[in-house]
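Enquirer: Below is the file query28.json, which contains JSON, C-alpha atoms and all ligand atoms.
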[["chain", "number", "residue", "atom", "x", "y", "z"],
["A", 1, "MET", "CA", 269.36, 210.88, 10.99],
["A", 2, "LYS", "CA", 265.90, 210.15, 12.36],
["A", 3, "ASN", "CA", 263.20, 209.80, 9.70],
["A", 4, "VAL", "CA", 260.21, 212.03, 10.48],
["A", 5, "LEU", "CA", 256.60, 211.91, 9.28],
["A", 6, "ILE", "CA", 254.28, 214.82, 9.98],
["A", 7, "LEU", "CA", 250.62, 214.27, 10.80],
["A", 8, "GLY", "CA", 248.74, 216.73, 8.61],
["A", 9, "GLY", "CA", 249.02, 218.18, 5.13],
["A", 10, "GLN", "CA", 249.34, 221.41, 3.24],
["A", 11, "GLY", "CA", 249.62, 224.24, 5.76],
["A", 12, "ASN", "CA", 251.28, 223.77, 9.10],
["A", 13, "ALA", "CA", 252.58, 220.29, 8.30],
["A", 14, "SER", "CA", 254.13, 221.35, 4.99],
["A", 15, "VAL", "CA", 255.72, 224.53, 6.36],
["A", 16, "ILE", "CA", 257.30, 222.53, 9.20],
["A", 17, "GLY", "CA", 258.43, 219.84, 6.74],
["A", 18, "HIS", "CA", 260.08, 222.46, 4.55],
["A", 19, "ALA", "CA", 261.79, 224.02, 7.59],
["A", 20, "MET", "CA", 263.18, 220.56, 8.42],
["A", 21, "LEU", "CA", 264.51, 220.20, 4.89],
["A", 22, "ASP", "CA", 266.08, 223.65, 5.18],
["A", 23, "ALA", "CA", 267.68, 222.70, 8.51],
["A", 24, "ALA", "CA", 269.21, 219.60, 6.89],
["A", 25, "GLN", "CA", 270.54, 221.71, 4.01],
["A", 26, "ARG", "CA", 272.22, 223.95, 6.59],
["A", 27, "GLY", "CA", 274.00, 220.93, 8.03],
["A", 28, "SER", "CA", 271.65, 219.82, 10.80],
["A", 29, "GLN", "CA", 272.10, 216.07, 11.23],
["A", 30, "GLU", "CA", 269.20, 215.22, 13.51],
["A", 31, "TYR", "CA", 266.06, 214.80, 11.40],
["A", 32, "GLN", "CA", 265.12, 213.90, 7.85],
["A", 33, "PHE", "CA", 261.63, 214.93, 6.71],
["A", 34, "CYS", "CA", 260.16, 211.89, 4.91],
["A", 35, "GLY", "CA", 256.54, 212.83, 4.24],
["A", 36, "TYR", "CA", 253.10, 212.87, 5.80],
["A", 37, "VAL", "CA", 250.52, 210.84, 7.63],
["A", 38, "ASN", "CA", 247.21, 212.01, 6.18],
["A", 39, "ASP", "CA", 243.90, 210.28, 5.60],
["A", 40, "ARG", "CA", 241.91, 213.41, 4.82],
["A", 41, "ASP", "CA", 243.21, 214.47, 1.41],
["A", 42, "HIS", "CA", 243.13, 211.05, -0.32],
["A", 43, "CYS", "CA", 246.38, 211.66, -2.19],
["A", 44, "GLU", "CA", 249.70, 209.88, -2.54],
["A", 45, "GLU", "CA", 251.88, 212.96, -2.22],
["A", 46, "ILE", "CA", 251.70, 216.55, -1.02],
["A", 47, "GLU", "CA", 253.99, 219.11, -2.67],
["A", 48, "GLY", "CA", 256.19, 216.26, -3.93],
["A", 49, "HIS", "CA", 256.51, 214.48, -0.58],
["A", 50, "PRO", "CA", 254.84, 211.10, -0.05],
["A", 51, "VAL", "CA", 251.83, 210.36, 2.12],
["A", 52, "LYS", "CA", 253.03, 207.21, 3.88],
["A", 53, "GLY", "CA", 249.66, 206.27, 5.29],
["A", 54, "GLY", "CA", 246.75, 207.34, 7.43],
["A", 55, "LEU", "CA", 246.32, 207.45, 11.19],
["A", 56, "GLN", "CA", 245.42, 203.74, 11.17],
["A", 57, "ASP", "CA", 248.91, 203.02, 9.79],
["A", 58, "ILE", "CA", 250.74, 204.55, 12.78],
["A", 59, "PRO", "CA", 251.51, 201.14, 14.41],
["A", 60, "ARG", "CA", 253.13, 199.94, 11.15],
["A", 61, "LEU", "CA", 255.01, 203.22, 10.70],
["A", 62, "LEU", "CA", 256.27, 202.99, 14.30],
["A", 63, "GLU", "CA", 257.56, 199.49, 13.52],
["A", 64, "GLU", "CA", 259.28, 200.89, 10.43],
["A", 65, "GLY", "CA", 261.19, 203.24, 12.73],
["A", 66, "TYR", "CA", 259.63, 206.62, 11.94],
["A", 67, "TYR", "CA", 259.43, 209.58, 14.32],
["A", 68, "PHE", "CA", 256.38, 211.86, 14.30],
["A", 69, "LEU", "CA", 255.21, 215.44, 14.60],
["A", 70, "ASN", "CA", 251.55, 216.41, 14.97],
["A", 71, "THR", "CA", 249.86, 219.35, 13.28],
["A", 72, "ILE", "CA", 246.24, 218.15, 13.33],
["A", 73, "TYR", "CA", 244.50, 220.83, 15.38],
["A", 74, "LYS", "CA", 241.45, 223.07, 15.01],
["A", 75, "ILE", "CA", 240.41, 226.20, 16.96],
["A", 76, "ASP", "CA", 236.86, 224.85, 17.25],
["A", 77, "GLY", "CA", 237.62, 221.27, 18.20],
["A", 78, "GLN", "CA", 240.91, 221.32, 20.07],
["A", 79, "ARG", "CA", 239.80, 218.85, 22.75],
["A", 80, "GLU", "CA", 238.62, 216.31, 20.18],
["A", 81, "ARG", "CA", 241.79, 216.66, 18.09],
["A", 82, "ILE", "CA", 244.04, 216.28, 21.14],
["A", 83, "ALA", "CA", 242.04, 213.22, 22.26],
["A", 84, "LEU", "CA", 242.44, 211.79, 18.73],
["A", 85, "PHE", "CA", 246.21, 212.31, 18.92],
["A", 86, "ASP", "CA", 246.37, 210.75, 22.40],
["A", 87, "SER", "CA", 244.42, 207.74, 21.13],
["A", 88, "LEU", "CA", 247.28, 207.01, 18.70],
["A", 89, "THR", "CA", 249.54, 206.30, 21.73],
["A", 90, "ILE", "CA", 252.73, 207.35, 19.96],
["A", 91, "PRO", "CA", 255.47, 206.99, 22.61],
["A", 92, "ASP", "CA", 257.05, 210.29, 23.66],
["A", 93, "ASP", "CA", 260.45, 209.01, 22.58],
["A", 94, "ARG", "CA", 259.12, 208.65, 19.01],
["A", 95, "LEU", "CA", 258.03, 212.28, 18.80],
["A", 96, "ALA", "CA", 260.52, 214.53, 17.03],
["A", 97, "THR", "CA", 261.48, 217.72, 18.87],
["A", 98, "PHE", "CA", 262.61, 220.06, 16.13],
["A", 99, "VAL", "CA", 264.41, 223.38, 16.53],
["A", 100, "HIS", "CA", 265.38, 225.20, 13.33],
["A", 101, "PRO", "CA", 269.03, 226.36, 13.44],
["A", 102, "THR", "CA", 268.08, 230.04, 13.01],
["A", 103, "ALA", "CA", 265.86, 230.03, 16.12],
["A", 104, "TYR", "CA", 267.28, 231.52, 19.33],
["A", 105, "ILE", "CA", 266.64, 229.48, 22.45],
["A", 106, "ALA", "CA", 268.04, 230.84, 25.70],
["A", 107, "ALA", "CA", 269.44, 228.82, 28.59],
["A", 108, "HIS", "CA", 267.03, 227.00, 30.93],
["A", 109, "VAL", "CA", 264.36, 226.44, 28.30],
["A", 110, "GLU", "CA", 262.51, 223.11, 28.45],
["A", 111, "LEU", "CA", 260.97, 221.72, 25.28],
["A", 112, "GLY", "CA", 258.51, 218.86, 25.61],
["A", 113, "PRO", "CA", 258.54, 215.93, 23.19],
["A", 114, "GLY", "CA", 257.13, 216.78, 19.78],
["A", 115, "CYS", "CA", 257.74, 220.53, 20.13],
["A", 116, "VAL", "CA", 258.64, 222.59, 17.07],
["A", 117, "VAL", "CA", 260.54, 225.87, 17.09],
["A", 118, "MET", "CA", 260.51, 227.41, 13.62],
["A", 119, "PRO", "CA", 263.01, 229.75, 11.89],
["A", 120, "HIS", "CA", 263.79, 233.05, 13.60],
["A", 121, "ALA", "CA", 261.60, 232.29, 16.62],
["A", 122, "ILE", "CA", 262.97, 233.58, 19.93],
["A", 123, "ILE", "CA", 262.44, 231.86, 23.27],
["A", 124, "SER", "CA", 263.85, 233.57, 26.34],
["A", 125, "THR", "CA", 265.19, 232.00, 29.49],
["A", 126, "ASN", "CA", 263.14, 229.85, 31.89],
["A", 127, "VAL", "CA", 260.39, 229.02, 29.42],
["A", 128, "LYS", "CA", 258.70, 225.60, 29.51],
["A", 129, "LEU", "CA", 256.92, 224.35, 26.40],
["A", 130, "GLY", "CA", 254.57, 221.39, 26.86],
["A", 131, "LYS", "CA", 254.42, 218.38, 24.58],
["A", 132, "CYS", "CA", 253.70, 219.05, 20.88],
["A", 133, "THR", "CA", 253.66, 222.84, 21.22],
["A", 134, "ARG", "CA", 254.60, 224.69, 18.03],
["A", 135, "VAL", "CA", 256.30, 228.07, 17.98],
["A", 136, "MET", "CA", 256.03, 229.34, 14.44],
["A", 137, "ILE", "CA", 258.21, 231.62, 12.29],
["A", 138, "GLY", "CA", 259.42, 234.76, 14.04],
["A", 139, "ALA", "CA", 257.29, 234.29, 17.17],
["A", 140, "ILE", "CA", 258.73, 235.64, 20.42],
["A", 141, "ILE", "CA", 258.16, 234.13, 23.86],
["A", 142, "SER", "CA", 259.58, 236.18, 26.69],
["A", 143, "HIS", "CA", 261.13, 234.80, 29.88],
["A", 144, "ASN", "CA", 259.54, 232.67, 32.61],
["A", 145, "CYS", "CA", 256.50, 231.53, 30.63],
["A", 146, "THR", "CA", 254.87, 228.14, 31.03],
["A", 147, "ILE", "CA", 253.09, 227.05, 27.86],
["A", 148, "GLY", "CA", 250.86, 223.98, 27.95],
["A", 149, "ALA", "CA", 250.86, 220.96, 25.67],
["A", 150, "HIS", "CA", 249.50, 221.20, 22.11],
["A", 151, "THR", "CA", 249.54, 225.00, 22.12],
["A", 152, "PHE", "CA", 250.12, 226.90, 18.88],
["A", 153, "VAL", "CA", 252.11, 230.13, 18.96],
["A", 154, "ALA", "CA", 251.59, 231.62, 15.50],
["A", 155, "ALA", "CA", 254.06, 233.45, 13.30],
["A", 156, "GLY", "CA", 255.00, 236.94, 14.42],
["A", 157, "SER", "CA", 253.19, 236.78, 17.76],
["A", 158, "CYS", "CA", 254.79, 238.29, 20.84],
["A", 159, "SER", "CA", 254.14, 236.77, 24.26],
["A", 160, "GLY", "CA", 255.25, 238.74, 27.32],
["A", 161, "SER", "CA", 257.00, 237.27, 30.33],
["A", 162, "ASN", "CA", 255.60, 235.16, 33.18],
["A", 163, "LEU", "CA", 252.58, 233.83, 31.30],
["A", 164, "GLN", "CA", 250.66, 230.74, 32.31],
["A", 165, "VAL", "CA", 249.23, 229.38, 29.08],
["A", 166, "GLY", "CA", 247.08, 226.24, 29.08],
["A", 167, "GLU", "CA", 246.77, 223.21, 26.83],
["A", 168, "GLY", "CA", 245.61, 223.52, 23.22],
["A", 169, "VAL", "CA", 245.69, 227.32, 23.20],
["A", 170, "HIS", "CA", 245.91, 229.18, 19.85],
["A", 171, "ILE", "CA", 247.82, 232.48, 19.89],
["A", 172, "SER", "CA", 247.26, 233.84, 16.39],
["A", 173, "MET", "CA", 249.56, 235.68, 14.00],
["A", 174, "ASN", "CA", 250.92, 239.00, 15.18],
["A", 175, "ALA", "CA", 249.04, 238.89, 18.51],
["A", 176, "THR", "CA", 250.65, 240.49, 21.56],
["A", 177, "VAL", "CA", 250.19, 239.27, 25.13],
["A", 178, "ARG", "CA", 250.93, 241.40, 28.17],
["A", 179, "GLU", "CA", 253.15, 239.85, 30.84],
["A", 180, "PHE", "CA", 251.85, 237.98, 33.93],
["A", 181, "LEU", "CA", 248.57, 236.84, 32.32],
["A", 182, "THR", "CA", 246.86, 233.45, 32.39],
["A", 183, "ILE", "CA", 245.26, 231.94, 29.29],
["A", 184, "GLY", "CA", 242.98, 228.94, 29.91],
["A", 185, "ASN", "CA", 242.92, 225.64, 28.06],
["A", 186, "TYR", "CA", 241.67, 225.64, 24.43],
["A", 187, "ALA", "CA", 241.39, 229.44, 24.37],
["A", 188, "THR", "CA", 242.18, 231.53, 21.26],
["A", 189, "LEU", "CA", 243.64, 234.99, 20.85],
["A", 190, "ALA", "CA", 242.79, 236.38, 17.40],
["A", 191, "MET", "CA", 245.19, 237.79, 14.79],
["A", 192, "GLY", "CA", 246.75, 241.11, 15.65],
["A", 193, "SER", "CA", 245.05, 241.32, 19.06],
["A", 194, "VAL", "CA", 246.56, 242.97, 22.12],
["A", 195, "LEU", "CA", 245.68, 240.97, 25.22],
["A", 196, "LEU", "CA", 245.64, 242.85, 28.53],
["A", 197, "LYS", "CA", 243.48, 240.54, 30.68],
["A", 198, "ASP", "CA", 243.32, 236.89, 31.71],
["A", 199, "VAL", "CA", 241.42, 234.58, 29.36],
["A", 200, "GLY", "CA", 239.25, 231.67, 30.53],
["A", 201, "GLU", "CA", 239.04, 228.15, 29.18],
["A", 202, "LEU", "CA", 237.68, 227.91, 25.60],
["A", 203, "GLU", "CA", 237.28, 231.69, 25.30],
["A", 204, "VAL", "CA", 238.06, 233.42, 21.97],
["A", 205, "TRP", "CA", 239.33, 236.98, 22.39],
["A", 206, "ALA", "CA", 239.98, 239.55, 19.65],
["A", 207, "GLY", "CA", 240.86, 243.20, 19.09],
["A", 208, "ASN", "CA", 243.00, 245.90, 20.65],
["A", 209, "PRO", "CA", 242.45, 245.88, 23.55],
["A", 210, "ALA", "CA", 241.23, 242.31, 23.17],
["A", 211, "LYS", "CA", 237.70, 241.51, 24.30],
["A", 212, "MET", "CA", 235.85, 238.20, 24.45],
["A", 213, "LEU", "CA", 234.27, 237.35, 21.09],
["A", 214, "ARG", "CA", 232.71, 233.96, 21.81],
["A", 215, "HIS", "CA", 233.38, 230.51, 23.21],
["A", 216, "ALA", "CA", 235.16, 227.90, 21.11],
["A", 217, "GLN", "CA", 233.52, 224.52, 20.65],
["A", 301, "LIG", "C1", 239.82, 234.43, 16.23],
["A", 301, "LIG", "C2", 239.30, 233.92, 14.94],
["A", 301, "LIG", "C3", 239.33, 232.39, 15.00],
["A", 301, "LIG", "C4", 237.85, 234.40, 14.79],
["A", 301, "LIG", "O1", 237.29, 233.77, 13.68],
["A", 301, "LIG", "P1", 235.69, 233.62, 13.58],
["A", 301, "LIG", "O2", 235.14, 233.04, 14.83],
["A", 301, "LIG", "O3", 235.45, 232.94, 12.28],
["A", 301, "LIG", "O4", 235.19, 235.11, 13.57],
["A", 301, "LIG", "P2", 234.65, 235.98, 12.36],
["A", 301, "LIG", "O5", 235.69, 236.12, 11.29],
["A", 301, "LIG", "O6", 233.29, 235.44, 11.97],
["A", 301, "LIG", "O7", 234.47, 237.39, 13.05],
["A", 301, "LIG", "C5", 233.55, 237.59, 14.12],
["A", 301, "LIG", "C6", 233.72, 239.01, 14.59],
["A", 301, "LIG", "O8", 235.01, 239.12, 15.21],
["A", 301, "LIG", "C7", 235.79, 240.15, 14.55],
["A", 301, "LIG", "N1", 237.16, 239.64, 14.44],
["A", 301, "LIG", "C8", 237.58, 238.47, 13.92],
["A", 301, "LIG", "N2", 238.90, 238.38, 13.99],
["A", 301, "LIG", "C9", 239.32, 239.51, 14.56],
["A", 301, "LIG", "C10", 240.61, 240.01, 14.88],
["A", 301, "LIG", "N3", 241.69, 239.30, 14.62],
["A", 301, "LIG", "N4", 240.70, 241.19, 15.48],
["A", 301, "LIG", "C11", 239.58, 241.93, 15.73],
["A", 301, "LIG", "N5", 238.33, 241.51, 15.43],
["A", 301, "LIG", "C12", 238.22, 240.32, 14.85],
["A", 301, "LIG", "C13", 235.15, 240.29, 13.18],
["A", 301, "LIG", "O9", 235.38, 241.58, 12.66],
["A", 301, "LIG", "C14", 233.70, 240.05, 13.48],
["A", 301, "LIG", "O10", 233.14, 241.21, 14.04],
["A", 301, "LIG", "P3", 231.61, 241.67, 13.70],
["A", 301, "LIG", "O11", 230.76, 240.57, 14.25],
["A", 301, "LIG", "O12", 231.48, 242.96, 14.43],
["A", 301, "LIG", "O13", 231.56, 241.77, 12.23],
["A", 301, "LIG", "C15", 240.15, 234.40, 13.72],
["A", 301, "LIG", "O14", 240.00, 235.80, 13.57],
["A", 301, "LIG", "C16", 241.64, 234.11, 13.90],
["A", 301, "LIG", "O15", 242.36, 234.88, 14.48],
["A", 301, "LIG", "N6", 242.13, 232.94, 13.40],
["A", 301, "LIG", "C17", 243.48, 232.47, 13.58],
["A", 301, "LIG", "C18", 244.38, 232.86, 12.44],
["A", 301, "LIG", "C19", 245.78, 232.33, 12.64],
["A", 301, "LIG", "O16", 246.49, 232.61, 13.56],
["A", 301, "LIG", "N7", 246.19, 231.49, 11.75],
["A", 301, "LIG", "C20", 247.47, 230.90, 11.83],
["A", 301, "LIG", "C21", 247.91, 230.69, 10.47],
["A", 301, "LIG", "S1", 249.21, 229.53, 10.36]]
I need this file expressed as structure tokens, please.
Ligand SMILES: CC(C)(COP(=O)(O)OP(=O)(O)OC[C@H]1O[C@@H](n2cnc3c(N)ncnc32)[C@H](O)[C@@H]1OP(=O)(O)O)[C@@H](O)C(=O)NCCC(=O)NCCS

Expert:
Amino acid sequence: MKNVLILGGQGNASVIGHAMLDAAQRGSQEYQFCGYVNDRDHCEEIEGHPVKGGLQDIPRLLEEGYYFLNTIYKIDGQRERIALFDSLTIPDDRLATFVHPTAYIAAHVELGPGCVVMPHAIISTNVKLGKCTRVMIGAIISHNCTIGAHTFVAAGSCSGSNLQVGEGVHISMNATVREFLTIGNYATLAMGSVLLKDVGELEVWAGNPAKMLRHAQ
């Protein structure tokens, strides 16, 4: 099994870590969740799992043979967080690409390195997920969508077919996206929103029907 450390802490990192443990308990042989990389919380363990170091320790942890997943993102600050991750220069072949065994992934789906597909998520045919994109619990992505790198597809969201979604986009919990739309880089769709129109770069949209709320930083 490949030993995996998750960049982050309580929240997205811990829920993904626990899904990895659950996958192993169900017989999945690919990855073993071993703890966190975290220099924010100044602690030695999170929920009983060790913090193996901070971002400055990545070269050592690479030498020790670990694989990595990234969850360090922020709606206001996506570009900076993605640049921070890129500056770590973790090779693509040392990013874990994790699919929980209860997820449904159709034929002709491409998952970039470092992608996560959580329990009960559904990804239809001809979908491409860019590097480090996370599809959270119970999210649905319909067919023929292209989703950019570092995008977050939150739990319970429902994305229609033929979408062009940029890099570092945040589709929030229980949001719904009409088919054939384009969502620009670093944009956000708020919780429970129903998106009927294209969204530009860095725009934050909310409501039903969704309207532009503000620009993200
Ligand atoms: C989009 C989002 C970032 C906006 O947060 P924000 O910029 O802090 O906005 P505020 O909470 O200050 O709200 C600003 C206005 O937008 C409205 N608004 C915020 N979220 C909304 C939503 N989901 N739907 C409709 N209106 C919303 C507020 O009512 C408020 O309106 P008002 O000015 O008339 O009072 C936030 O609502 C969101 O969806 N976060 C993501 C949650 C998520 O998916 N988490 C994943 C968990 S793992």

Enquirer: Which value, in Å to one decimal, gives the distance between CA of Ser193 (chain A) and CA of Gly130 (chain A)?

Expert: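 Computed distance, CA of Ser193 (chain A) to CA of Gly130 (chain A), equals 23.4 Å.
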
Enquirer: Can you build me a table of chain A residues sitting at most 9 Å from ligand LIG 301 (chain A), with the closest atom pair per residue and its distance in Å to one decimal, using all atoms listed in the file, sorted by chain and residue number, as JSON lines?

Expert:
{"residue": "A:Gly11", "atom": "CA", "partner": "A:LIG301", "partner_atom": "S1", "distance": 7.0}
{"residue": "A:Asn12", "atom": "CA", "partner": "A:LIG301", "partner_atom": "S1", "distance": 6.2}
{"residue": "A:Ile75", "atom": "CA", "partner": "A:LIG301", "partner_atom": "C3", "distance": 6.6}
{"residue": "A:Asp76", "atom": "CA", "partner": "A:LIG301", "partner_atom": "C3", "distance": 8.2}
{"residue": "A:Met136", "atom": "CA", "partner": "A:LIG301", "partner_atom": "S1", "distance": 7.9}
{"residue": "A:Phe152", "atom": "CA", "partner": "A:LIG301", "partner_atom": "C20", "distance": 8.5}
{"residue": "A:Val153", "atom": "CA", "partner": "A:LIG301", "partner_atom": "O16", "distance": 8.2}
{"residue": "A:Ala154", "atom": "CA", "partner": "A:LIG301", "partner_atom": "O16", "distance": 5.5}
{"residue": "A:Ala155", "atom": "CA", "partner": "A:LIG301", "partner_atom": "S1", "distance": 6.9}
{"residue": "A:Ser157", "atom": "CA", "partner": "A:LIG301", "partner_atom": "O16", "distance": 8.9}
{"residue": "A:His170", "atom": "CA", "partner": "A:LIG301", "partner_atom": "O16", "distance": 7.2}
{"residue": "A:Ile171", "atom": "CA", "partner": "A:LIG301", "partner_atom": "O16", "distance": 6.5}
{"residue": "A:Ser172", "atom": "CA", "partner": "A:LIG301", "partner_atom": "O16", "distance": 3.2}
{"residue": "A:Met173", "atom": "CA", "partner": "A:LIG301", "partner_atom": "O16", "distance": 4.4}
{"residue": "A:Asn174", "atom": "CA", "partner": "A:LIG301", "partner_atom": "O16", "distance": 7.9}
{"residue": "A:Ala175", "atom": "CA", "partner": "A:LIG301", "partner_atom": "N3", "distance": 8.3}
{"residue": "A:Thr188", "atom": "CA", "partner": "A:LIG301", "partner_atom": "C1", "distance": 6.3}
{"residue": "A:Leu189", "atom": "CA", "partner": "A:LIG301", "partner_atom": "C1", "distance": 6.0}
{"residue": "A:Ala190", "atom": "CA", "partner": "A:LIG301", "partner_atom": "O15", "distance": 3.3}
{"residue": "A:Met191", "atom": "CA", "partner": "A:LIG301", "partner_atom": "N3", "distance": 3.8}
{"residue": "A:Gly192", "atom": "CA", "partner": "A:LIG301", "partner_atom": "N3", "distance": 5.5}
{"residue": "A:Ser193", "atom": "CA", "partner": "A:LIG301", "partner_atom": "N4", "distance": 5.6}
{"residue": "A:Val204", "atom": "CA", "partner": "A:LIG301", "partner_atom": "C1", "distance": 6.1}
{"residue": "A:Trp205", "atom": "CA", "partner": "A:LIG301", "partner_atom": "C1", "distance": 6.7}
{"residue": "A:Ala206", "atom": "CA", "partner": "A:LIG301", "partner_atom": "N4", "distance": 4.5}
{"residue": "A:Gly207", "atom": "CA", "partner": "A:LIG301", "partner_atom": "C11", "distance": 3.8}
{"residue": "A:Asn208", "atom": "CA", "partner": "A:LIG301", "partner_atom": "C11", "distance": 7.2}
{"residue": "A:Ala210", "atom": "CA", "partner": "A:LIG301", "partner_atom": "C11", "distance": 7.6}
{"residue": "A:Lys211", "atom": "CA", "partner": "A:LIG301", "partner_atom": "C11", "distance": 8.8}
{"residue": "A:Leu213", "atom": "CA", "partner": "A:LIG301", "partner_atom": "O8", "distance": 6.2}
{"residue": "A:Arg214", "atom": "CA", "partner": "A:LIG301", "partner_atom": "O2", "distance": 7.4}
{"residue": "A:His215", "atom": "CA", "partner": "A:LIG301", "partner_atom": "O2", "distance": 8.9}
{"residue": "A:Ala216", "atom": "CA", "partner": "A:LIG301", "partner_atom": "O2", "distance": 8.1}

Enquirer: So how many Å separate CA of His120 (chain A) and CA of Thr102 (chain A), to one decimal?

Expert: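 Atom-to-atom, CA of His120 (chain A) and CA of Thr102 (chain A) are spaced 5.3 Å apart.
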
Enquirer: One decimal, Å: what's the distance from CA of Ala187 (chain A) over to CA of Gln78 (chain A), could you say?

Expert: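 Atom-to-atom, CA of Ala187 (chain A) and CA of Gln78 (chain A) are spaced 9.2 Å apart.
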
Enquirer: Return the single residue from A:Gly54, A:Gly27, A:Pro209, A:Gly166 that is closest to Gly184 (chain A), with distances computed using only C-alpha atoms.

Expert: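 Looking only at the distances to Gly184 (chain A), the closest residue turns out to be A:Gly166.
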
Enquirer: May I have the residues within 12 Å of Glu45 (chain A) as a PDB file with C-alpha atoms, keeping the file's coordinate frame, using only C-alpha atoms and disregarding those fewer than 2 positions away in the same chain?

Expert:
ATOM      1  CA  GLY A   8     248.740 216.730   8.610  1.00  0.00           C
ATOM      2  CA  GLY A   9     249.020 218.180   5.130  1.00  0.00           C
ATOM      3  CA  GLN A  10     249.340 221.410   3.240  1.00  0.00           C
ATOM      4  CA  SER A  14     254.130 221.350   4.990  1.00  0.00           C
ATOM      5  CA  CYS A  34     260.160 211.890   4.910  1.00  0.00           C
ATOM      6  CA  GLY A  35     256.540 212.830   4.240  1.00  0.00           C
ATOM      7  CA  TYR A  36     253.100 212.870   5.800  1.00  0.00           C
ATOM      8  CA  VAL A  37     250.520 210.840   7.630  1.00  0.00           C
ATOM      9  CA  ASN A  38     247.210 212.010   6.180  1.00  0.00           C
ATOM     10  CA  ASP A  39     243.900 210.280   5.600  1.00  0.00           C
ATOM     11  CA  ASP A  41     243.210 214.470   1.410  1.00  0.00           C
ATOM     12  CA  HIS A  42     243.130 211.050  -0.320  1.00  0.00           C
ATOM     13  CA  CYS A  43     246.380 211.660  -2.190  1.00  0.00           C
ATOM     14  CA  GLU A  47     253.990 219.110  -2.670  1.00  0.00           C
ATOM     15  CA  GLY A  48     256.190 216.260  -3.930  1.00  0.00           C
ATOM     16  CA  HIS A  49     256.510 214.480  -0.580  1.00  0.00           C
ATOM     17  CA  PRO A  50     254.840 211.100  -0.050  1.00  0.00           C
ATOM     18  CA  VAL A  51     251.830 210.360   2.120  1.00  0.00           C
ATOM     19  CA  LYS A  52     253.030 207.210   3.880  1.00  0.00           C
ATOM     20  CA  GLY A  53     249.660 206.270   5.290  1.00  0.00           C
TER      21      GLY A  53
END

Enquirer: Could you work out an axis-aligned box for region 46-57 of chain A, taking every atom the file lists and adding 8 Å on each side, and report centre and edge lengths in Å to one decimal, as JSON?

Expert:
{"center_x": 251.0, "center_y": 211.1, "center_z": 3.6, "size_x": 27.1, "size_y": 32.1, "size_z": 31.1}

Enquirer: Leaving out Val135 (chain A) and any residue of its chain fewer than 3 positions from it, which residues lie within 9 Å of it when counting all atoms listed in the file, given as a VMD selection string?

Expert: chain A and resid 115 to 118 121 to 123 138 to 141 151 to 155

Enquirer: When you count all atoms listed in the file, which of these residues is closest to Gln164 (chain A): A:Thr176, A:Asp198, A:Thr97, A:Ile72?

Expert: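 Counting all atoms listed in the file, the residue closest to Gln164 (chain A) is A:Asp198.
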